[in-house]
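Peer 1: Questions regarding the structure given below will be posed in turn.
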Amino acid sequence: MALRTKQDIVGNWLPRYTGTALEEFGKYILLTNFSDYVRRFSARFNQPIKGLDRPMQTCSDGKNLTMINFGIGSANAATVMDLLSAIKPKGVLFLGKCGGLKDTTEIGHFILPIAAIRGEGTSDDYLPKEIPAMPSFKLHKFVSEKIVEAGLDYRTGVIYTTNRRVWEHDDDFKHRLQKLRAIGIDMETATIFACGIANEISRGALLLVSDVPMTPEGVKTEESDRKVSGQFVDLHIDIGIKAMTDIEGKGEKIKHFRY
């Protein structure tokens, strides 16, 4: 079968990458890049994980919400946002981790980004450099409400997204981050926002601060990441589930605005 159009390609490739048929995806999507998140989601709803032998794994809640582990990095983030255009989801929320760059941003804080700096380069294949990487603010409104209902505080600000994974030793790079005044750093958020714009998919991100890498003592280790997961990951998932199911329950439409 010849795959001539983008829709032909993504319709064929989304099941190929995930081991999940198109009709098995919910209309609301939670994205993660951690297999542990999918395992916890699966246990919560007693539903199977699909795609264990594929690049991406999925699990649905038995209704209209699906979690996808797409892996790490901006290239994978762009791929999953392209592939999701096959099912035209009503909303996509990224549950990611980030490094806190401000003294006031501590491990365990949640960040609801107002925008992301496109330092990764991947999004340049999707949008002109001048277009900012921004979320769908109506989706973020629902996430914000669920955080407040849980009696929690959260931060807002700009995330810097980079393709560079090992930089914590580089003082010149850290000085540049300070000049950019970003609140956090990750490898996916700007790509998800930009590719969401390009694919006309409503999108958002709720980021968990998992390390404070501007000091040597704050660089993530296996032990510190295990502590963060034990304390905060279930809450992270819970907020994402409640926000997306609330959107569906209220029948809210999250419009994608072309700009």
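Identifiers in this document derive from the order of the structure tokens: chains are assigned A, B, ..., residues are numbered from 1 separately in each chain, and ligands are numbered from 1 in order of occurrence.
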Please provide the set of residues having any atom within 12 Å of A:Glu145, restricted to only C-alpha atoms, with same-chain residues fewer than 6 positions apart removed, written as a PDB file with N, CA, C and O atoms, in the first residue's frame.
Peer 2:
ATOM      1  N   LEU A 112       3.478  25.321  35.456  1.00  0.00           N
ATOM      2  CA  LEU A 112       2.524  25.390  34.360  1.00  0.00           C
ATOM      3  C   LEU A 112       3.063  26.459  33.408  1.00  0.00           C
ATOM      4  O   LEU A 112       2.851  27.652  33.627  1.00  0.00           O
ATOM      5  N   LYS A 138      -6.698  27.558  27.565  1.00  0.00           N
ATOM      6  CA  LYS A 138      -7.922  27.016  28.148  1.00  0.00           C
ATOM      7  C   LYS A 138      -7.664  25.656  28.778  1.00  0.00           C
ATOM      8  O   LYS A 138      -8.230  25.324  29.829  1.00  0.00           O
ATOM      9  N   LEU A 139      -6.813  24.863  28.155  1.00  0.00           N
ATOM     10  CA  LEU A 139      -6.442  23.576  28.746  1.00  0.00           C
ATOM     11  C   LEU A 139      -5.708  23.812  30.060  1.00  0.00           C
ATOM     12  O   LEU A 139      -5.972  23.150  31.082  1.00  0.00           O
ATOM     13  N   GLY A 151      -5.113  21.768  46.921  1.00  0.00           N
ATOM     14  CA  GLY A 151      -4.487  22.535  47.990  1.00  0.00           C
ATOM     15  C   GLY A 151      -3.020  22.804  47.753  1.00  0.00           C
ATOM     16  O   GLY A 151      -2.255  23.040  48.708  1.00  0.00           O
ATOM     17  N   LEU A 152      -2.618  22.802  46.481  1.00  0.00           N
ATOM     18  CA  LEU A 152      -1.217  22.976  46.124  1.00  0.00           C
ATOM     19  C   LEU A 152      -0.985  24.325  45.459  1.00  0.00           C
ATOM     20  O   LEU A 152      -1.899  24.957  44.945  1.00  0.00           O
ATOM     21  N   ASP A 153       0.262  24.728  45.467  1.00  0.00           N
ATOM     22  CA  ASP A 153       0.677  25.927  44.745  1.00  0.00           C
ATOM     23  C   ASP A 153       1.410  25.481  43.482  1.00  0.00           C
ATOM     24  O   ASP A 153       1.804  24.316  43.351  1.00  0.00           O
ATOM     25  N   TYR A 154       1.569  26.383  42.549  1.00  0.00           N
ATOM     26  CA  TYR A 154       2.344  26.071  41.360  1.00  0.00           C
ATOM     27  C   TYR A 154       3.025  27.331  40.862  1.00  0.00           C
ATOM     28  O   TYR A 154       2.676  28.449  41.248  1.00  0.00           O
ATOM     29  N   ILE A 239      -3.348  14.782  38.984  1.00  0.00           N
ATOM     30  CA  ILE A 239      -3.768  16.090  38.498  1.00  0.00           C
ATOM     31  C   ILE A 239      -4.046  16.036  36.996  1.00  0.00           C
ATOM     32  O   ILE A 239      -5.041  16.594  36.510  1.00  0.00           O
ATOM     33  N   GLY A 240      -3.169  15.353  36.253  1.00  0.00           N
ATOM     34  CA  GLY A 240      -3.376  15.226  34.811  1.00  0.00           C
ATOM     35  C   GLY A 240      -4.664  14.505  34.468  1.00  0.00           C
ATOM     36  O   GLY A 240      -5.430  14.939  33.594  1.00  0.00           O
ATOM     37  N   LYS A 242      -7.388  14.166  36.371  1.00  0.00           N
ATOM     38  CA  LYS A 242      -8.552  14.960  36.767  1.00  0.00           C
ATOM     39  C   LYS A 242      -8.796  16.119  35.806  1.00  0.00           C
ATOM     40  O   LYS A 242      -9.944  16.426  35.465  1.00  0.00           O
ATOM     41  N   ALA A 243      -7.731  16.763  35.359  1.00  0.00           N
ATOM     42  CA  ALA A 243      -7.890  17.892  34.436  1.00  0.00           C
ATOM     43  C   ALA A 243      -8.494  17.445  33.117  1.00  0.00           C
ATOM     44  O   ALA A 243      -9.457  18.061  32.614  1.00  0.00           O
ATOM     45  N   MET A 244      -7.982  16.362  32.566  1.00  0.00           N
ATOM     46  CA  MET A 244      -8.441  15.937  31.242  1.00  0.00           C
ATOM     47  C   MET A 244      -9.839  15.333  31.300  1.00  0.00           C
ATOM     48  O   MET A 244     -10.649  15.527  30.381  1.00  0.00           O
ATOM     49  N   ASP A 246     -12.095  16.178  33.487  1.00  0.00           N
ATOM     50  CA  ASP A 246     -12.997  17.291  33.773  1.00  0.00           C
ATOM     51  C   ASP A 246     -13.350  18.038  32.491  1.00  0.00           C
ATOM     52  O   ASP A 246     -14.499  18.451  32.292  1.00  0.00           O
ATOM     53  N   ILE A 247     -12.365  18.212  31.626  1.00  0.00           N
ATOM     54  CA  ILE A 247     -12.627  18.851  30.328  1.00  0.00           C
ATOM     55  C   ILE A 247     -13.680  18.053  29.565  1.00  0.00           C
ATOM     56  O   ILE A 247     -14.643  18.603  29.036  1.00  0.00           O
TER      57      ILE A 247
END
Peer 1: Can you measure atom CA of A:Pro89 to atom CA of A:Tyr126 for me? One decimal in Å is fine.
Peer 2: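 Here the two named atoms are 19.0 Å from each other.
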Peer 1: Taking the DSSP secondary structure from the backbone, can you list the residues of stretch 24-227 of chain A that are strand (DSSP E), as number ranges by chain?
Peer 2: A: 28-32, 57-60, 65-69, 91-100, 110-119, 155-162, 184-186, 203-211
Peer 1: Would you put the residues from that selection into a file with N, CA and C atoms, as a short mmCIF file (atom, residue, chain, number, x, y, z; two decimals), in the first residue's frame?
Peer 2:
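The result, stored in out34.cif:
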data_model
loop_
_atom_site.label_atom_id
_atom_site.label_comp_id
_atom_site.auth_asym_id
_atom_site.auth_seq_id
_atom_site.Cartn_x
_atom_site.Cartn_y
_atom_site.Cartn_z
N TYR A 28 -8.62 12.21 24.52
CA TYR A 28 -7.78 13.04 25.38
C TYR A 28 -6.52 12.24 25.69
N ILE A 29 -5.38 12.92 25.61
CA ILE A 29 -4.10 12.24 25.68
C ILE A 29 -3.23 12.83 26.78
N LEU A 30 -2.64 11.96 27.60
CA LEU A 30 -1.58 12.33 28.52
C LEU A 30 -0.26 11.81 27.95
N LEU A 31 0.70 12.69 27.77
CA LEU A 31 2.01 12.29 27.28
C LEU A 31 3.00 12.22 28.45
N THR A 32 3.89 11.26 28.40
CA THR A 32 4.97 11.17 29.36
C THR A 32 6.19 10.60 28.66
N GLN A 57 4.74 3.15 24.34
CA GLN A 57 3.76 2.33 25.05
C GLN A 57 2.52 3.17 25.36
N THR A 58 1.37 2.51 25.38
CA THR A 58 0.12 3.20 25.68
C THR A 58 -0.68 2.43 26.72
N CYS A 59 -1.55 3.18 27.40
CA CYS A 59 -2.54 2.57 28.28
C CYS A 59 -3.73 3.50 28.32
N SER A 60 -4.94 2.95 28.22
CA SER A 60 -6.16 3.75 28.28
C SER A 60 -6.92 3.44 29.56
N LEU A 65 -9.52 8.40 27.83
CA LEU A 65 -8.22 8.99 28.16
C LEU A 65 -7.13 7.95 27.93
N THR A 66 -6.10 8.34 27.21
CA THR A 66 -4.98 7.45 26.91
C THR A 66 -3.67 8.11 27.31
N MET A 67 -2.81 7.35 27.99
CA MET A 67 -1.45 7.82 28.28
C MET A 67 -0.48 7.18 27.30
N ILE A 68 0.48 7.97 26.83
CA ILE A 68 1.51 7.48 25.90
C ILE A 68 2.88 7.82 26.44
N ASN A 69 3.74 6.84 26.55
CA ASN A 69 5.16 7.06 26.83
C ASN A 69 5.88 7.14 25.49
N GLY A 91 -7.48 17.11 23.14
CA GLY A 91 -6.53 17.78 24.02
C GLY A 91 -5.37 16.87 24.36
N VAL A 92 -4.17 17.44 24.47
CA VAL A 92 -2.96 16.68 24.82
C VAL A 92 -2.26 17.41 25.95
N LEU A 93 -1.98 16.70 27.04
CA LEU A 93 -1.27 17.27 28.19
C LEU A 93 0.00 16.48 28.44
N PHE A 94 1.13 17.17 28.44
CA PHE A 94 2.43 16.56 28.70
C PHE A 94 2.71 16.60 30.20
N LEU A 95 2.91 15.43 30.80
CA LEU A 95 3.34 15.31 32.20
C LEU A 95 4.83 15.02 32.19
N GLY A 96 5.62 16.06 32.28
CA GLY A 96 7.07 15.90 32.18
C GLY A 96 7.77 16.34 33.45
N LYS A 97 9.07 16.07 33.48
CA LYS A 97 9.92 16.56 34.56
C LYS A 97 10.86 17.63 33.98
N CYS A 98 11.29 18.53 34.85
CA CYS A 98 12.20 19.57 34.39
C CYS A 98 13.17 19.92 35.50
N GLY A 99 14.23 20.61 35.12
CA GLY A 99 15.17 21.14 36.09
C GLY A 99 14.78 22.56 36.46
N GLY A 100 14.76 22.85 37.75
CA GLY A 100 14.45 24.20 38.20
C GLY A 100 15.66 25.10 38.09
N PHE A 110 5.37 22.24 41.02
CA PHE A 110 4.80 22.08 39.69
C PHE A 110 4.92 23.40 38.93
N ILE A 111 5.21 23.29 37.65
CA ILE A 111 5.30 24.46 36.77
C ILE A 111 4.28 24.29 35.65
N LEU A 112 3.48 25.32 35.46
CA LEU A 112 2.52 25.39 34.36
C LEU A 112 3.06 26.46 33.41
N PRO A 113 3.77 26.06 32.35
CA PRO A 113 4.50 27.04 31.53
C PRO A 113 3.56 27.95 30.74
N ILE A 114 3.91 29.23 30.70
CA ILE A 114 3.17 30.16 29.85
C ILE A 114 3.71 30.14 28.42
N ALA A 115 4.92 29.63 28.25
CA ALA A 115 5.55 29.52 26.93
C ALA A 115 6.84 28.74 27.10
N ALA A 116 7.47 28.42 25.98
CA ALA A 116 8.75 27.72 26.02
C ALA A 116 9.68 28.30 24.95
N ILE A 117 10.95 28.43 25.31
CA ILE A 117 11.96 28.91 24.37
C ILE A 117 12.43 27.74 23.52
N ARG A 118 12.42 27.96 22.21
CA ARG A 118 12.73 26.88 21.26
C ARG A 118 14.24 26.74 21.05
N GLY A 119 14.93 26.25 22.08
CA GLY A 119 16.37 26.06 21.99
C GLY A 119 16.77 24.71 21.42
N ARG A 155 4.01 27.14 40.00
CA ARG A 155 4.74 28.25 39.41
C ARG A 155 4.34 28.40 37.95
N THR A 156 4.46 29.62 37.44
CA THR A 156 4.34 29.84 36.01
C THR A 156 5.62 30.51 35.54
N GLY A 157 5.84 30.47 34.25
CA GLY A 157 7.05 31.06 33.69
C GLY A 157 7.38 30.41 32.36
N VAL A 158 8.55 30.71 31.87
CA VAL A 158 8.99 30.22 30.57
C VAL A 158 9.98 29.07 30.77
N ILE A 159 9.80 28.01 30.00
CA ILE A 159 10.69 26.85 30.03
C ILE A 159 11.68 26.96 28.87
N TYR A 160 12.92 26.64 29.13
CA TYR A 160 13.91 26.55 28.04
C TYR A 160 14.03 25.08 27.65
N THR A 161 13.80 24.79 26.38
CA THR A 161 13.91 23.42 25.87
C THR A 161 15.17 23.29 25.03
N THR A 162 15.95 22.27 25.34
CA THR A 162 17.24 22.07 24.68
C THR A 162 17.37 20.63 24.21
N GLY A 184 12.66 27.05 34.16
CA GLY A 184 13.02 25.64 34.15
C GLY A 184 13.59 25.23 32.81
N ILE A 185 14.16 24.04 32.77
CA ILE A 185 14.77 23.52 31.55
C ILE A 185 14.34 22.07 31.33
N ASP A 186 14.03 21.74 30.08
CA ASP A 186 13.70 20.35 29.74
C ASP A 186 14.08 20.10 28.29
N ARG A 203 -2.83 21.75 23.23
CA ARG A 203 -1.75 21.11 23.99
C ARG A 203 -1.42 21.94 25.23
N GLY A 204 -0.84 21.24 26.21
CA GLY A 204 -0.39 21.88 27.42
C GLY A 204 0.69 21.04 28.07
N ALA A 205 1.23 21.55 29.17
CA ALA A 205 2.27 20.82 29.89
C ALA A 205 2.18 21.14 31.38
N LEU A 206 2.26 20.11 32.19
CA LEU A 206 2.41 20.26 33.63
C LEU A 206 3.73 19.60 34.00
N LEU A 207 4.69 20.41 34.42
CA LEU A 207 6.04 19.92 34.66
C LEU A 207 6.32 19.82 36.15
N LEU A 208 6.97 18.74 36.53
CA LEU A 208 7.39 18.50 37.91
C LEU A 208 8.87 18.79 38.02
N VAL A 209 9.23 19.67 38.92
CA VAL A 209 10.65 19.98 39.13
C VAL A 209 11.31 18.80 39.84
N SER A 210 12.22 18.15 39.13
CA SER A 210 12.83 16.93 39.66
C SER A 210 14.27 17.14 40.10
N ASP A 211 14.87 18.29 39.75
CA ASP A 211 16.22 18.59 40.18
C ASP A 211 16.46 20.10 40.05
#
Peer 1: With distances taken over only C-alpha atoms, which of A:Ala77, A:Ala150, A:Val228, A:Val143 is nearest to A:Ile241?
Peer 2: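 Ranking A:Ala77, A:Ala150, A:Val228, A:Val143 by distance to A:Ile241, first place goes to A:Val143.
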Peer 1: What's around stretch 6-18 of chain A at 9 Å? Count only C-alpha atoms, leave out sequence neighbours fewer than 2 positions away in its own chain, and write the answer as a CSV table (one decimal) with all heavy atoms, in the first residue's frame.
Peer 2:
chain,number,residue,atom,x,y,z
A,2,ALA,N,0.6,2.1,-0.9
A,2,ALA,CA,1.4,3.4,-1.0
A,2,ALA,C,0.9,4.4,0.0
A,2,ALA,O,-0.3,4.6,0.1
A,2,ALA,CB,1.3,3.9,-2.4
A,3,LEU,N,1.8,5.0,0.7
A,3,LEU,CA,1.4,6.0,1.7
A,3,LEU,C,1.7,7.4,1.1
A,3,LEU,O,2.9,7.8,1.2
A,3,LEU,CB,2.1,5.8,3.0
A,3,LEU,CG,1.9,4.4,3.7
A,3,LEU,CD1,2.8,4.3,5.0
A,3,LEU,CD2,0.5,4.2,4.0
A,4,ARG,N,0.8,8.0,0.5
A,4,ARG,CA,1.0,9.2,-0.3
A,4,ARG,C,0.9,10.5,0.5
A,4,ARG,O,1.5,11.5,0.2
A,4,ARG,CB,0.1,9.2,-1.5
A,4,ARG,CG,0.3,8.0,-2.4
A,4,ARG,CD,-0.6,8.1,-3.7
A,4,ARG,NE,-0.5,6.9,-4.5
A,4,ARG,CZ,0.5,6.6,-5.3
A,4,ARG,NH1,1.6,7.5,-5.4
A,4,ARG,NH2,0.5,5.5,-5.9
A,20,THR,N,-1.0,-0.1,19.1
A,20,THR,CA,-2.4,0.3,19.5
A,20,THR,C,-3.2,0.7,18.3
A,20,THR,O,-2.7,1.6,17.6
A,20,THR,CB,-2.4,1.4,20.6
A,20,THR,OG1,-1.6,1.0,21.7
A,20,THR,CG2,-3.8,1.7,21.1
A,21,ALA,N,-4.3,0.1,18.0
A,21,ALA,CA,-5.2,0.5,16.9
A,21,ALA,C,-5.7,1.9,17.1
A,21,ALA,O,-5.9,2.4,18.2
A,21,ALA,CB,-6.3,-0.5,16.7
A,22,LEU,N,-6.0,2.6,16.0
A,22,LEU,CA,-6.4,4.0,16.0
A,22,LEU,C,-7.7,4.1,16.9
A,22,LEU,O,-7.8,5.1,17.6
A,22,LEU,CB,-6.7,4.5,14.6
A,22,LEU,CG,-5.4,4.6,13.7
A,22,LEU,CD1,-5.9,5.1,12.3
A,22,LEU,CD2,-4.4,5.5,14.3
A,50,LYS,N,0.0,-1.5,26.3
A,50,LYS,CA,0.2,-2.0,24.9
A,50,LYS,C,1.5,-1.4,24.4
A,50,LYS,O,1.9,-0.3,24.8
A,50,LYS,CB,-1.0,-1.6,24.0
A,50,LYS,CG,-2.3,-2.3,24.5
A,50,LYS,CD,-3.4,-2.1,23.5
A,50,LYS,CE,-4.7,-2.8,24.0
A,50,LYS,NZ,-5.8,-2.7,23.0
A,51,GLY,N,2.1,-2.1,23.4
A,51,GLY,CA,3.3,-1.7,22.8
A,51,GLY,C,4.6,-1.9,23.5
A,51,GLY,O,5.5,-1.2,23.3
A,52,LEU,N,4.6,-2.9,24.4
A,52,LEU,CA,5.8,-3.2,25.2
A,52,LEU,C,7.0,-3.6,24.3
A,52,LEU,O,8.1,-3.4,24.7
A,52,LEU,CB,5.5,-4.3,26.2
A,52,LEU,CG,4.6,-3.9,27.3
A,52,LEU,CD1,4.3,-5.1,28.2
A,52,LEU,CD2,5.2,-2.8,28.2
A,53,ASP,N,6.7,-4.0,23.1
A,53,ASP,CA,7.7,-4.4,22.1
A,53,ASP,C,7.9,-3.3,21.0
A,53,ASP,O,8.5,-3.5,20.0
A,53,ASP,CB,7.4,-5.7,21.4
A,53,ASP,CG,6.1,-5.7,20.7
A,53,ASP,OD1,5.2,-4.8,21.0
A,53,ASP,OD2,5.9,-6.5,19.8
A,54,ARG,N,7.3,-2.1,21.3
A,54,ARG,CA,7.3,-1.0,20.3
A,54,ARG,C,8.1,0.2,20.9
A,54,ARG,O,8.3,0.2,22.1
A,54,ARG,CB,5.9,-0.6,19.9
A,54,ARG,CG,5.0,-1.7,19.4
A,54,ARG,CD,5.5,-2.4,18.1
A,54,ARG,NE,4.7,-3.5,17.7
A,54,ARG,CZ,3.7,-3.4,16.8
A,54,ARG,NH1,3.4,-2.3,16.3
A,54,ARG,NH2,3.1,-4.5,16.5
A,55,PRO,N,8.4,1.2,20.1
A,55,PRO,CA,9.1,2.4,20.6
A,55,PRO,C,8.3,3.2,21.6
A,55,PRO,O,8.9,3.8,22.5
A,55,PRO,CB,9.3,3.2,19.3
A,55,PRO,CG,9.3,2.3,18.2
A,55,PRO,CD,8.3,1.2,18.6
A,56,MET,N,6.9,3.1,21.5
A,56,MET,CA,6.1,3.9,22.4
A,56,MET,C,5.1,2.9,23.1
A,56,MET,O,4.6,2.0,22.4
A,56,MET,CB,5.3,5.0,21.7
A,56,MET,CG,6.3,6.0,21.0
A,56,MET,SD,5.3,7.2,20.1
A,56,MET,CE,6.7,8.1,19.4
A,57,GLN,N,4.7,3.2,24.3
A,57,GLN,CA,3.8,2.3,25.1
A,57,GLN,C,2.5,3.2,25.4
A,57,GLN,O,2.6,4.4,25.6
A,57,GLN,CB,4.3,1.8,26.3
A,57,GLN,CG,5.5,0.8,26.2
A,57,GLN,CD,6.8,1.5,25.8
A,57,GLN,OE1,7.2,2.5,26.5
A,57,GLN,NE2,7.4,1.1,24.7
A,58,THR,N,1.4,2.5,25.4
A,58,THR,CA,0.1,3.2,25.7
A,58,THR,C,-0.7,2.4,26.7
A,58,THR,O,-0.5,1.2,26.9
A,58,THR,CB,-0.8,3.4,24.4
A,58,THR,OG1,-1.4,2.1,24.1
A,58,THR,CG2,0.0,3.9,23.2
A,68,ILE,N,0.5,8.0,26.8
A,68,ILE,CA,1.5,7.5,25.9
A,68,ILE,C,2.9,7.8,26.4
A,68,ILE,O,3.2,9.0,26.8
A,68,ILE,CB,1.4,8.1,24.5
A,68,ILE,CG1,0.0,7.9,23.9
A,68,ILE,CG2,2.4,7.6,23.6
A,68,ILE,CD1,-0.3,8.6,22.6
A,70,PHE,N,6.3,8.3,25.1
A,70,PHE,CA,6.9,8.5,23.8
A,70,PHE,C,8.4,8.5,23.8
A,70,PHE,O,9.1,8.6,22.8
A,70,PHE,CB,6.4,9.8,23.2
A,70,PHE,CG,6.8,11.1,23.9
A,70,PHE,CD1,8.0,11.7,23.6
A,70,PHE,CD2,6.0,11.6,24.8
A,70,PHE,CE1,8.4,12.9,24.3
A,70,PHE,CE2,6.3,12.8,25.5
A,70,PHE,CZ,7.5,13.4,25.2
A,80,VAL,N,5.7,12.1,18.1
A,80,VAL,CA,4.4,11.7,18.7
A,80,VAL,C,3.3,12.7,18.4
A,80,VAL,O,2.2,12.4,18.1
A,80,VAL,CB,4.5,11.4,20.2
A,80,VAL,CG1,4.6,12.7,21.0
A,80,VAL,CG2,3.3,10.6,20.7
A,82,ASP,N,3.2,14.6,15.7
A,82,ASP,CA,2.8,14.3,14.3
A,82,ASP,C,1.9,13.1,14.2
A,82,ASP,O,0.9,13.1,13.5
A,82,ASP,CB,4.1,14.0,13.4
A,82,ASP,CG,4.7,15.3,12.9
A,82,ASP,OD1,4.1,16.3,12.9
A,82,ASP,OD2,5.9,15.2,12.5
A,83,LEU,N,2.3,12.0,14.9
A,83,LEU,CA,1.5,10.8,14.8
A,83,LEU,C,0.1,11.0,15.4
A,83,LEU,O,-0.9,10.4,14.9
A,83,LEU,CB,2.2,9.6,15.5
A,83,LEU,CG,3.6,9.2,15.0
A,83,LEU,CD1,4.1,8.1,15.8
A,83,LEU,CD2,3.5,8.8,13.5
A,84,LEU,N,0.0,11.8,16.4
A,84,LEU,CA,-1.4,12.0,17.0
A,84,LEU,C,-2.3,12.8,16.1
A,84,LEU,O,-3.5,12.7,16.3
A,84,LEU,CB,-1.2,12.8,18.3
A,84,LEU,CG,-0.7,12.0,19.5
A,84,LEU,CD1,-0.4,12.9,20.7
A,84,LEU,CD2,-1.7,10.9,19.9
A,85,SER,N,-1.8,13.4,15.0
A,85,SER,CA,-2.7,14.0,14.1
A,85,SER,C,-3.5,13.0,13.4
A,85,SER,O,-4.5,13.3,12.7
A,85,SER,CB,-1.9,14.9,13.1
A,85,SER,OG,-1.0,14.1,12.3
A,86,ALA,N,-3.2,11.7,13.5
A,86,ALA,CA,-4.0,10.6,12.9
A,86,ALA,C,-5.3,10.5,13.6
A,86,ALA,O,-6.3,10.1,12.9
A,86,ALA,CB,-3.2,9.3,13.0
A,87,ILE,N,-5.4,10.8,14.9
A,87,ILE,CA,-6.6,10.7,15.6
A,87,ILE,C,-7.3,12.0,16.0
A,87,ILE,O,-8.4,12.0,16.6
A,87,ILE,CB,-6.5,9.8,16.9
A,87,ILE,CG1,-5.4,10.5,17.8
A,87,ILE,CG2,-6.0,8.4,16.5
A,87,ILE,CD1,-5.4,9.8,19.2
Peer 1: Which of stretch 129-158 of chain A end up as alpha helix (DSSP H) when DSSP is run on this backbone - answer as a PyMOL selection string?
Peer 2: chain A and resi 137-149
Peer 1: Report, in Å to a single decimal, how far apart atom CA of A:Lys90 and atom CA of A:Thr5 are.
Peer 2: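 These two atoms are separated by 22.1 Å.
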Peer 1: Taking only C-alpha atoms into account, which of A:Val166, A:Val233, A:Met134, A:Ile72 comes nearest A:Phe193?
Peer 2: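 Smallest distance to A:Phe193 is found for A:Met134.
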Peer 1: A:Gly108, A:Ala194, A:Leu127, A:Asp171: which is nearest A:Ser224, counting only C-alpha atoms?
Peer 2: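 Once distances to A:Ser224 are computed over only C-alpha atoms, the minimum belongs to A:Gly108.
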Peer 1: Measuring between only C-alpha atoms, which one of A:Lys27, A:His169, A:Lys88, A:Arg40 shows the shortest distance to A:Asn64?
Peer 2: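 Nearest candidate to A:Asn64 out of A:Lys27, A:His169, A:Lys88, A:Arg40: A:Lys27.
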